[in-house]
Each structure stands twice: as C-alpha cells, then as structure tokens.
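Student: Let me begin by handing over the structure; questions about it come next.
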Amino acid sequence: MASNKKILVTGATGKQGGAVIKALQESSPSFQILALTRNASSKGAQALASKPNTIVVEGDHTSLAPIFEKHKPIFGVFSVTVMDKEGSEEAQAKPLIDESVKNGVELFVFTSVDRGGEKSDTNPTNIPHFASKHRIEEYLKEKSANGTKMPYTILRPVCFMDNLTPDFMGKGFNSMWAGVGTKPLQLVSTRDIGIFAANAFNNPSAYKNRSISLAGDELNIEQGRKVFKDTMGSDLPETFGFVGSGIKYMIKEMGTMFNWFKTDGYGADIQALRKEEPRLQNLSQWLKESSKFSK
Ligand SMILES: NC(=O)c1ccc[n+]([C@@H]2O[C@H](COP(=O)([O-])OP(=O)(O)OC[C@H]3O[C@@H](n4cnc5c(N)ncnc54)[C@H](OP(=O)(O)O)[C@@H]3O)[C@@H](O)[C@H]2O)c1
C-alpha cells in the first residue's frame, strides 16, 4: 500500500545520498524520493531521474524555501554536507535544518562523523571538518529542541571502505592507512550508511533522537592486506610510503586526521551494530559485493 511519504535527499548524486536512495528504494516502494542536486542535467542526476518514485529537484541550500513549498509535506530529510572551504558545511546544513523545523519534517537524518564513539557528543576533535560536523549536530539539537520539535537521527560514519579504489587515489589512501601503523582503523561501507538511514525512515520511532556511530570492520594495514589477498587473490594496491606522507603534508587537514587515527581513533561498537543490522558489511564482504575491484 503506497503511502508516498516524501523524503528529501541531499548529496543525491554522491556516495552517501546515492546509497540512501538505493536503500530506500529497496526497502520500501512507498517513499517518494526528492533527489536534490545542483545540476539536474548531469549524468548522475539523469540516472536518478530514471529510477522509480524519484523526482530530481534542482537547487541547493540557498533555494530551499520554494522546494519545501512546492513539495509539501516533506516527511523526512537526509542531510549530507560536503567540505570545500572553511565554514561551508555549516552553511549547507543550517538553512536545511531551519527550513525542516519550519515545515514540520518528521525525521531529520544528518550524516556526521564518528569522533570516538560515546565521546562524540562532547568531542569536536582538532580536525576542522570533524569540528564543523560537531557544530552542526549542536545546531540541530538546539533548533529541534532536542528532538521534541523535530525528531532527528545523527549517523556518525567512520572512514569509508569506498576510499579503497583501484586508482591512484585508492593507493594513496592505503599508503596513509599504512602510516597509522599497528593501530586498527575502523571502516564502514557507504552502502550501510544508506541502509541505516533507510531503517530510520522506515522505523522513525526506533531511531528517534539517536546518535549512532557506524563501522563494519576494524583493521590495521597488515590485517587489511591479508583480507584483501584472501578475498581478491592479489595484493592490496599501494604506493610508496612517501606518497602517503606527501599527501598528508600537502593537505594539512588530511595529516591532522590520520594523526588522530593514530593517537585517538574512532569508537563505533561494531558488535552491537551487527546485532541491530546483520547486513553490515565487513571489508571482505564489501570487496566482494560493493567495491570496484574485480578478481
Ligand atoms: N570519505 C570518508 O572516509 C568519510 C568518512 C566519514 C565522513 N565523511 C564525510 O562525508 C561527506 C561527503 O559525503 P559523500 O562522500 O557522500 O559526498 P560526495 O560523494 O563527495 O558527493 C556529495 C554530493 O554533494 C554535492 N555537492 C558537492 N559539493 C557541494 C557543495 N559545495 N555544496 C552543495 N552540494 C555539493 C554533489 O552533488 P551535485 O553536484 O549533484 O549537486 C555531490 O555529488 C563529507 O562531509 C566527509 O567529511 C567522509
């Protein structure tokens, strides 16, 4: 039975937004998806337009009022922010939070970042884009009156498995991972961020006002190399260590983040998550089911 509840998904042509749309379509055909993009004629947007129950909506955080007016009532919002310059993430999220509260959205899902498991609520960290997300979380709690005015779910993913790509970027990532040493790094598949967001929209009362750190595996580089070899039959693609160090040096924020992985690190409770969502992928499953690698 179709309910046609409308869900506005930001970052729809990207990794997390795309995963949310896919998981919503697979879990319940009763949602109508409003896929927000800055360019409705892009290849990614066109691909979304051909999907069932999906309307591509052109706009961004500067053009929200007419979007909410045209498509009211909007039941749920998925909010992802993209870092480009200092302050930009807050500029993307805050107007969306304001407009959502104003228009009576029934569940606002914000995808943030884990900052050490239970510590995340009070730990902005010294990584600028983690701290921006912490400030957005605080703003969301304030404007939603701690979820009493507008229920929310905060998803806090760790490092994406999707960073492991067969190209140069993926090799660079693996070299930086190697620089973390023997300390395990938590990883999550963006497919699973989509699944958790869809679970929240499908069952809002169970996800209301929760903050959930998301990880599906926890491996140091040595363990990662073994999983890759055992699963794919070849070596994990890596580049020289100095390339990883060079990236960290040139992109200061990347260096700060990888140092934090070494000194502090993520703190998602993988066992509890797997109980809640048994489909949660570990690295081997992600390699086989969702990655761009082939055997
Ligand atoms: N990579 C990781 O390991 C990791 C881990 C945890 C958290 N994160 C966080 O994940 C976020 C990125 O999510 P993602 O990987 O899903 O994003 P993504 O794939 O890079 O893209 C998201 C979409 O947002 C739109 N966009 C790009 N720049 C924008 C801007 N300045 N303003 C508004 N829209 C913009 C683009 O769509 P259109 O062009 O169609 O508008 C793009 O397709 C970042 O905040 C990052 O910190 C990443």
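Just remember, in the structure tokens the first chain shown is A, the second B, etc., residues are 1-based per chain, and ligands are 1-based in the order shown.
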Set out as a Markdown table a contact list for range 26-116 of chain A and range 262-267 of chain A with a cut-off of 8 Å, giving each residue of range 26-116 of chain A that qualifies its closest atom pair and distance in Å to one decimal, counting only C-alpha atoms, ordered by chain and rising residue number.

Tutor:
| residue | atom | partner | partner_atom | distance |
| --- | --- | --- | --- | --- |
| A:Asp114 | CA | A:Tyr266 | CA | 6.1 |
| A:Arg115 | CA | A:Tyr266 | CA | 5.9 |
| A:Gly116 | CA | A:Gly267 | CA | 4.3 |

Student: Please identify the residues whose atoms come within 6 Å of ligand 1, using only C-alpha atoms and all ligand atoms, and report them as a list in words.

Tutor: Gly11, Thr13, Gly14, Lys15, Gln16, Gly17, Thr37, Arg38, Asn39, Thr81, Val82, Met83, Asp84, Val113, Pro157, Val158, Cys159 and Phe160 of chain A

Student: Emit the selected residues as a compact mmCIF listing (two decimals), in the first residue's frame, including all heavy atoms.

Tutor:
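Result saved to again-v2.txt:
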# COMPACT_ATOMS: atom_id res chain seq x y z
N GLY A 11 22.84 15.66 -1.45
CA GLY A 11 24.01 14.87 -1.91
C GLY A 11 23.59 13.65 -2.69
O GLY A 11 24.27 12.62 -2.69
N THR A 13 23.51 12.72 -5.75
CA THR A 13 24.35 12.14 -6.79
C THR A 13 25.66 11.62 -6.20
O THR A 13 26.51 11.11 -6.94
CB THR A 13 24.67 13.17 -7.89
OG1 THR A 13 25.35 14.28 -7.28
CG2 THR A 13 23.42 13.66 -8.60
N GLY A 14 25.85 11.76 -4.91
CA GLY A 14 27.10 11.34 -4.27
C GLY A 14 27.00 9.97 -3.62
O GLY A 14 26.00 9.26 -3.79
N LYS A 15 28.04 9.64 -2.86
CA LYS A 15 28.14 8.28 -2.31
C LYS A 15 27.06 8.00 -1.25
O LYS A 15 26.32 7.03 -1.35
CB LYS A 15 29.53 8.08 -1.70
CG LYS A 15 30.64 8.01 -2.76
CD LYS A 15 31.98 7.66 -2.16
CE LYS A 15 32.66 8.84 -1.51
NZ LYS A 15 33.01 9.96 -2.42
N GLN A 16 26.99 8.87 -0.23
CA GLN A 16 26.05 8.59 0.85
C GLN A 16 24.61 8.80 0.41
O GLN A 16 23.75 7.95 0.64
CB GLN A 16 26.37 9.46 2.07
CG GLN A 16 27.75 9.22 2.64
CD GLN A 16 27.95 9.97 3.94
OE1 GLN A 16 27.46 9.56 4.99
NE2 GLN A 16 28.67 11.07 3.88
N GLY A 17 24.34 9.95 -0.22
CA GLY A 17 22.97 10.22 -0.69
C GLY A 17 22.51 9.14 -1.66
O GLY A 17 21.37 8.67 -1.58
N THR A 37 19.94 18.09 -6.28
CA THR A 37 21.22 18.24 -6.98
C THR A 37 21.35 19.68 -7.44
O THR A 37 20.34 20.37 -7.68
CB THR A 37 21.29 17.30 -8.20
OG1 THR A 37 22.51 17.59 -8.92
CG2 THR A 37 20.12 17.48 -9.14
N ARG A 38 22.60 20.12 -7.59
CA ARG A 38 22.80 21.48 -8.11
C ARG A 38 22.65 21.52 -9.62
O ARG A 38 22.55 22.58 -10.20
CB ARG A 38 24.20 21.98 -7.68
CG ARG A 38 24.34 22.19 -6.18
CD ARG A 38 25.77 22.34 -5.78
NE ARG A 38 26.55 21.18 -6.22
CZ ARG A 38 27.87 21.13 -6.24
NH1 ARG A 38 28.57 22.16 -5.84
NH2 ARG A 38 28.49 20.05 -6.65
N ASN A 39 22.68 20.34 -10.26
CA ASN A 39 22.61 20.32 -11.73
C ASN A 39 21.78 19.12 -12.20
O ASN A 39 22.29 18.00 -12.29
CB ASN A 39 24.04 20.25 -12.29
CG ASN A 39 24.06 20.17 -13.79
OD1 ASN A 39 23.01 20.31 -14.45
ND2 ASN A 39 25.24 19.94 -14.36
N THR A 81 26.73 16.97 4.23
CA THR A 81 27.46 18.20 3.91
C THR A 81 28.77 17.82 3.25
O THR A 81 29.33 16.75 3.51
CB THR A 81 27.73 19.02 5.17
OG1 THR A 81 28.36 18.19 6.14
CG2 THR A 81 26.46 19.60 5.74
N VAL A 82 29.24 18.70 2.38
CA VAL A 82 30.47 18.42 1.64
C VAL A 82 31.46 19.53 1.96
O VAL A 82 31.12 20.71 1.90
CB VAL A 82 30.17 18.39 0.12
CG1 VAL A 82 31.43 18.09 -0.66
CG2 VAL A 82 29.11 17.34 -0.18
N MET A 83 32.66 19.12 2.33
CA MET A 83 33.64 20.16 2.69
C MET A 83 34.27 20.72 1.42
O MET A 83 34.72 19.98 0.57
CB MET A 83 34.71 19.59 3.62
CG MET A 83 35.29 18.27 3.18
SD MET A 83 36.31 17.53 4.44
CE MET A 83 37.93 18.04 3.94
N ASP A 84 34.22 22.04 1.27
CA ASP A 84 35.05 22.65 0.24
C ASP A 84 35.90 23.77 0.85
O ASP A 84 37.09 23.79 0.71
CB ASP A 84 34.26 23.08 -1.02
CG ASP A 84 33.06 23.95 -0.72
OD1 ASP A 84 32.87 24.33 0.44
OD2 ASP A 84 32.34 24.27 -1.68
N VAL A 113 30.14 12.49 11.48
CA VAL A 113 31.33 11.63 11.51
C VAL A 113 31.55 11.19 12.95
O VAL A 113 31.26 11.94 13.88
CB VAL A 113 32.57 12.38 10.96
CG1 VAL A 113 33.03 13.49 11.89
CG2 VAL A 113 33.72 11.44 10.66
N PRO A 157 29.36 8.01 10.62
CA PRO A 157 30.22 7.01 9.98
C PRO A 157 31.69 7.24 10.28
O PRO A 157 32.12 8.36 10.55
CB PRO A 157 29.93 7.20 8.49
CG PRO A 157 29.40 8.59 8.36
CD PRO A 157 28.72 8.91 9.65
N VAL A 158 32.44 6.16 10.20
CA VAL A 158 33.90 6.22 10.30
C VAL A 158 34.43 6.31 8.86
O VAL A 158 33.71 6.65 7.93
CB VAL A 158 34.44 4.99 11.06
CG1 VAL A 158 33.85 4.94 12.48
CG2 VAL A 158 34.12 3.68 10.32
N CYS A 159 35.70 5.97 8.67
CA CYS A 159 36.33 6.04 7.34
C CYS A 159 35.59 5.12 6.34
O CYS A 159 35.25 3.99 6.69
CB CYS A 159 37.75 5.53 7.52
SG CYS A 159 38.91 6.34 6.52
N PHE A 160 35.37 5.62 5.13
CA PHE A 160 34.62 4.82 4.16
C PHE A 160 35.50 3.72 3.54
O PHE A 160 36.61 3.99 3.07
CB PHE A 160 34.12 5.67 2.99
CG PHE A 160 33.14 6.76 3.35
CD1 PHE A 160 32.79 7.72 2.41
CD2 PHE A 160 32.54 6.81 4.61
CE1 PHE A 160 31.88 8.72 2.73
CE2 PHE A 160 31.63 7.81 4.94
CZ PHE A 160 31.31 8.77 3.99

Student: Set the distance at 8 Å and use only C-alpha atoms: which residues neighbour Leu96 in chain A once local chain neighbours fewer than 4 positions away are removed? I'd like the list as a ChimeraX atom specification.

Tutor: /A:61,64,79,92,100

Student: Go through A:Thr111, A:Ser294, A:Asn146, A:Asn103 one by one, measure the shortest atom-to-atom distance of each to Ile74 in chain A using only C-alpha atoms, and give the residue with the smallest value.

Tutor: A:Asn103

Student: Of the candidates A:Lys119, A:Arg225, A:Lys183, A:Lys143, which one gets nearest to Lys102 in chain A if we count only C-alpha atoms?

Tutor: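 Ranked by minimum distance to Lys102 in chain A, first place goes to A:Lys143.
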
Student: Near Asn209 in chain A, within 12 Å and counting only C-alpha atoms, which residues show up once chain neighbours fewer than 2 positions away are dropped, as a VMD selection string?

Tutor: chain A and resid 106 to 110 137 140 to 141 144 to 155 200 204 to 207 211 to 212

Student: Could those residues be written to a file, using N, CA and C atoms, as an mmCIF file, in the first residue's frame?

Tutor:
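Once written, part_37.cif looks like this:
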data_model
loop_
_atom_site.group_PDB
_atom_site.id
_atom_site.type_symbol
_atom_site.label_atom_id
_atom_site.label_comp_id
_atom_site.auth_asym_id
_atom_site.auth_seq_id
_atom_site.Cartn_x
_atom_site.Cartn_y
_atom_site.Cartn_z
ATOM 1 N N GLU A 106 9.247 15.230 9.835
ATOM 2 C CA GLU A 106 9.020 14.278 10.936
ATOM 3 C C GLU A 106 10.257 13.481 11.325
ATOM 4 N N LEU A 107 11.257 13.433 10.436
ATOM 5 C CA LEU A 107 12.549 12.849 10.836
ATOM 6 C C LEU A 107 13.659 13.480 9.993
ATOM 7 N N PHE A 108 14.628 14.058 10.682
ATOM 8 C CA PHE A 108 15.776 14.686 10.021
ATOM 9 C C PHE A 108 16.991 13.809 10.301
ATOM 10 N N VAL A 109 17.556 13.243 9.246
ATOM 11 C CA VAL A 109 18.738 12.378 9.424
ATOM 12 C C VAL A 109 19.955 13.150 8.938
ATOM 13 N N PHE A 110 20.887 13.390 9.847
ATOM 14 C CA PHE A 110 22.127 14.091 9.475
ATOM 15 C C PHE A 110 23.289 13.111 9.527
ATOM 16 N N GLU A 137 25.755 19.289 14.520
ATOM 17 C CA GLU A 137 24.976 18.437 15.441
ATOM 18 C C GLU A 137 24.378 19.283 16.568
ATOM 19 N N LEU A 140 21.564 21.353 15.275
ATOM 20 C CA LEU A 140 20.383 20.501 15.039
ATOM 21 C C LEU A 140 19.656 20.215 16.359
ATOM 22 N N LYS A 141 20.435 19.912 17.399
ATOM 23 C CA LYS A 141 19.804 19.614 18.699
ATOM 24 C C LYS A 141 19.097 20.857 19.236
ATOM 25 N N SER A 144 15.969 21.786 17.002
ATOM 26 C CA SER A 144 14.900 20.782 17.076
ATOM 27 C C SER A 144 14.400 20.630 18.510
ATOM 28 N N ALA A 145 14.908 21.493 19.411
ATOM 29 C CA ALA A 145 14.600 21.393 20.843
ATOM 30 C C ALA A 145 14.852 19.964 21.329
ATOM 31 N N ASN A 146 16.079 19.525 21.073
ATOM 32 C CA ASN A 146 16.498 18.160 21.428
ATOM 33 C C ASN A 146 15.554 17.096 20.889
ATOM 34 N N GLY A 147 15.056 17.354 19.705
ATOM 35 C CA GLY A 147 14.229 16.351 19.045
ATOM 36 C C GLY A 147 12.771 16.391 19.447
ATOM 37 N N THR A 148 12.397 17.334 20.309
ATOM 38 C CA THR A 148 10.988 17.389 20.704
ATOM 39 C C THR A 148 10.157 18.123 19.643
ATOM 40 N N LYS A 149 10.800 19.092 18.988
ATOM 41 C CA LYS A 149 10.112 19.841 17.928
ATOM 42 C C LYS A 149 10.211 19.083 16.608
ATOM 43 N N MET A 150 11.416 18.538 16.367
ATOM 44 C CA MET A 150 11.638 17.763 15.139
ATOM 45 C C MET A 150 12.561 16.579 15.490
ATOM 46 N N PRO A 151 12.029 15.362 15.446
ATOM 47 C CA PRO A 151 12.885 14.205 15.732
ATOM 48 C C PRO A 151 14.053 14.132 14.748
ATOM 49 N N TYR A 152 15.173 13.675 15.251
ATOM 50 C CA TYR A 152 16.351 13.573 14.387
ATOM 51 C C TYR A 152 17.076 12.258 14.624
ATOM 52 N N THR A 153 17.905 11.879 13.666
ATOM 53 C CA THR A 153 18.859 10.785 13.853
ATOM 54 C C THR A 153 20.202 11.299 13.346
ATOM 55 N N ILE A 154 21.233 11.132 14.157
ATOM 56 C CA ILE A 154 22.576 11.510 13.698
ATOM 57 C C ILE A 154 23.338 10.221 13.418
ATOM 58 N N LEU A 155 23.776 10.067 12.177
ATOM 59 C CA LEU A 155 24.620 8.919 11.823
ATOM 60 C C LEU A 155 26.061 9.408 11.844
ATOM 61 N N ALA A 200 16.023 4.101 9.520
ATOM 62 C CA ALA A 200 15.479 5.188 10.355
ATOM 63 C C ALA A 200 14.178 5.729 9.745
ATOM 64 N N PRO A 204 10.829 5.292 12.271
ATOM 65 C CA PRO A 204 11.305 6.502 12.955
ATOM 66 C C PRO A 204 11.280 6.403 14.471
ATOM 67 N N SER A 205 10.297 5.678 15.021
ATOM 68 C CA SER A 205 10.229 5.673 16.494
ATOM 69 C C SER A 205 11.445 4.958 17.090
ATOM 70 N N ALA A 206 11.982 3.975 16.375
ATOM 71 C CA ALA A 206 13.154 3.245 16.889
ATOM 72 C C ALA A 206 14.451 4.054 16.737
ATOM 73 N N TYR A 207 14.443 5.047 15.881
ATOM 74 C CA TYR A 207 15.674 5.813 15.600
ATOM 75 C C TYR A 207 15.614 7.257 16.088
ATOM 76 N N SER A 211 21.983 9.013 18.235
ATOM 77 C CA SER A 211 23.229 9.282 17.513
ATOM 78 C C SER A 211 23.960 7.948 17.426
ATOM 79 N N ILE A 212 24.262 7.522 16.199
ATOM 80 C CA ILE A 212 24.775 6.164 16.013
ATOM 81 C C ILE A 212 26.090 6.196 15.236
#

Student: Name the closest residue to Lys133 in chain A among the candidates A:Leu219, A:Met176, A:Ile21, A:Val80; distances are taken between atoms, counting only C-alpha atoms.

Tutor: A:Val80

Student: Residues near Asn163 in chain A, anyone? I mean within 8 Å using only C-alpha atoms, not counting same-chain ones fewer than 6 positions away, as a tab-separated table (two decimals) with N, CA, C and O atoms, in the first residue's frame.

Tutor:
chain	number	residue	atom	x	y	z
A	169	MET	N	44.05	7.36	-6.27
A	169	MET	CA	43.50	7.87	-5.00
A	169	MET	C	43.44	6.75	-3.96
A	169	MET	O	43.76	6.95	-2.80
A	170	GLY	N	43.00	5.57	-4.43
A	170	GLY	CA	42.89	4.43	-3.52
A	170	GLY	C	44.25	3.99	-3.00
A	170	GLY	O	44.42	3.68	-1.82
A	173	PHE	N	45.33	6.39	-0.43
A	173	PHE	CA	44.64	6.15	0.84
A	173	PHE	C	45.31	5.00	1.59
A	173	PHE	O	45.58	5.09	2.80

Student: May I ask which of the residues A:Met254, A:Leu164, A:Val57, A:Ala197 is the closest one to Ser27 in chain A, counting only C-alpha atoms?

Tutor: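 The closest residue to Ser27 in chain A is A:Ala197.
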
Student: As a ChimeraX atom specification, please: all residues of range 189-276 of chain A that backbone DSSP puts in helix (DSSP H, G or I).

Tutor: /A:190-202,204-207,221-232,241-250,252-263,270-276

Student: So which one's closest to Thr231 in chain A, A:Ser291, A:Ser50, A:Ser189, A:Ser213? Using only C-alpha atoms, please.

Tutor: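 Nearest to Thr231 in chain A: A:Ser291.
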
Student: Ranking A:Gly216, A:Gly241, A:Pro73, A:Gly255 by minimum distance to Trp286 in chain A and counting only C-alpha atoms, which one comes first?

Tutor: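 The answer is A:Gly216, which sits nearest to Trp286 in chain A.
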
Student: Kindly give the distance, in Å, that separates CA of Ser245 in chain A and CA of Ile127 in chain A, rounded to a single decimal.

Tutor: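 About the pair CA of Ser245 in chain A and CA of Ile127 in chain A: they are 17.4 Å apart.
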
Student: From the DSSP assignment of the backbone, select every residue of range 209-275 of chain A that is strand (DSSP E), and format the answer as a compact mmCIF listing (two decimals) with C-alpha atoms, in the first residue's frame.

Tutor:
# COMPACT_ATOMS: atom_id res chain seq x y z
CA ARG A 210 19.60 8.68 18.48
CA SER A 211 23.23 9.28 17.51
CA ILE A 212 24.77 6.16 16.01
CA SER A 213 28.44 5.62 15.19
CA LEU A 214 28.75 3.36 12.14
CA ASP A 217 35.22 -3.55 10.34
CA GLU A 218 38.33 -2.63 12.28
CA LEU A 219 41.72 -3.48 10.80

Student: Can you tell me which residues surround Ala45 in chain A at a distance of at most 9 Å, considering only C-alpha atoms, apart from same-chain residues fewer than 2 positions away, and format the answer as a list in words?

Tutor: Ala12, Thr13, Ala35, Leu36, Thr37, Asn39, Ala40, Ser41, Ser42, Lys43, Ala47, Leu48, Ala49, Ser50 and Val56 of chain A

Student: How far is it from CA of Pro95 in chain A to CA of Thr62 in chain A, in Å with one decimal?

Tutor: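 Taking CA of Pro95 in chain A as the start and CA of Thr62 in chain A as the end point, the length is 7.7 Å.
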
Student: Quote the spacing between CA of Glu26 in chain A and CA of Arg279 in chain A in Å to one decimal place.

Tutor: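 A separation of 13.5 Å between them.
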
Student: Excluding Pro278 in chain A and any residue of its chain fewer than 6 positions from it, enumerate the residues within 12 Å of it, using only C-alpha atoms, and give them as a list in words.

Tutor: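 After dropping sequence-adjacent residues, the list is Asp192, Ile195, Phe196, Gly216, Ile270, Gln271 and Ala272 of chain A.
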
Student: How about saving the chosen residues, N, CA and C atoms kept, as a PDB file, in the first residue's frame?

Tutor:
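Result file again19.pdb:
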ATOM      1  N   ASP A 192      26.114   0.734   3.737  1.00  0.00           N
ATOM      2  CA  ASP A 192      25.499   0.519   5.048  1.00  0.00           C
ATOM      3  C   ASP A 192      25.033   1.815   5.708  1.00  0.00           C
ATOM      4  N   ILE A 195      21.720   1.990   4.343  1.00  0.00           N
ATOM      5  CA  ILE A 195      20.800   1.041   4.987  1.00  0.00           C
ATOM      6  C   ILE A 195      20.330   1.581   6.341  1.00  0.00           C
ATOM      7  N   PHE A 196      21.257   2.147   7.139  1.00  0.00           N
ATOM      8  CA  PHE A 196      20.854   2.688   8.439  1.00  0.00           C
ATOM      9  C   PHE A 196      19.902   3.877   8.276  1.00  0.00           C
ATOM     10  N   GLY A 216      31.849  -1.158  10.143  1.00  0.00           N
ATOM     11  CA  GLY A 216      31.588  -2.568   9.854  1.00  0.00           C
ATOM     12  C   GLY A 216      32.833  -3.427   9.976  1.00  0.00           C
ATOM     13  N   ILE A 270      30.993  -2.178  16.871  1.00  0.00           N
ATOM     14  CA  ILE A 270      30.647  -2.976  15.687  1.00  0.00           C
ATOM     15  C   ILE A 270      29.741  -4.164  16.044  1.00  0.00           C
ATOM     16  N   GLN A 271      30.025  -4.785  17.177  1.00  0.00           N
ATOM     17  CA  GLN A 271      29.203  -5.955  17.589  1.00  0.00           C
ATOM     18  C   GLN A 271      27.746  -5.576  17.775  1.00  0.00           C
ATOM     19  N   ALA A 272      27.527  -4.451  18.474  1.00  0.00           N
ATOM     20  CA  ALA A 272      26.144  -4.001  18.727  1.00  0.00           C
ATOM     21  C   ALA A 272      25.465  -3.636  17.408  1.00  0.00           C
TER      22      ALA A 272
END
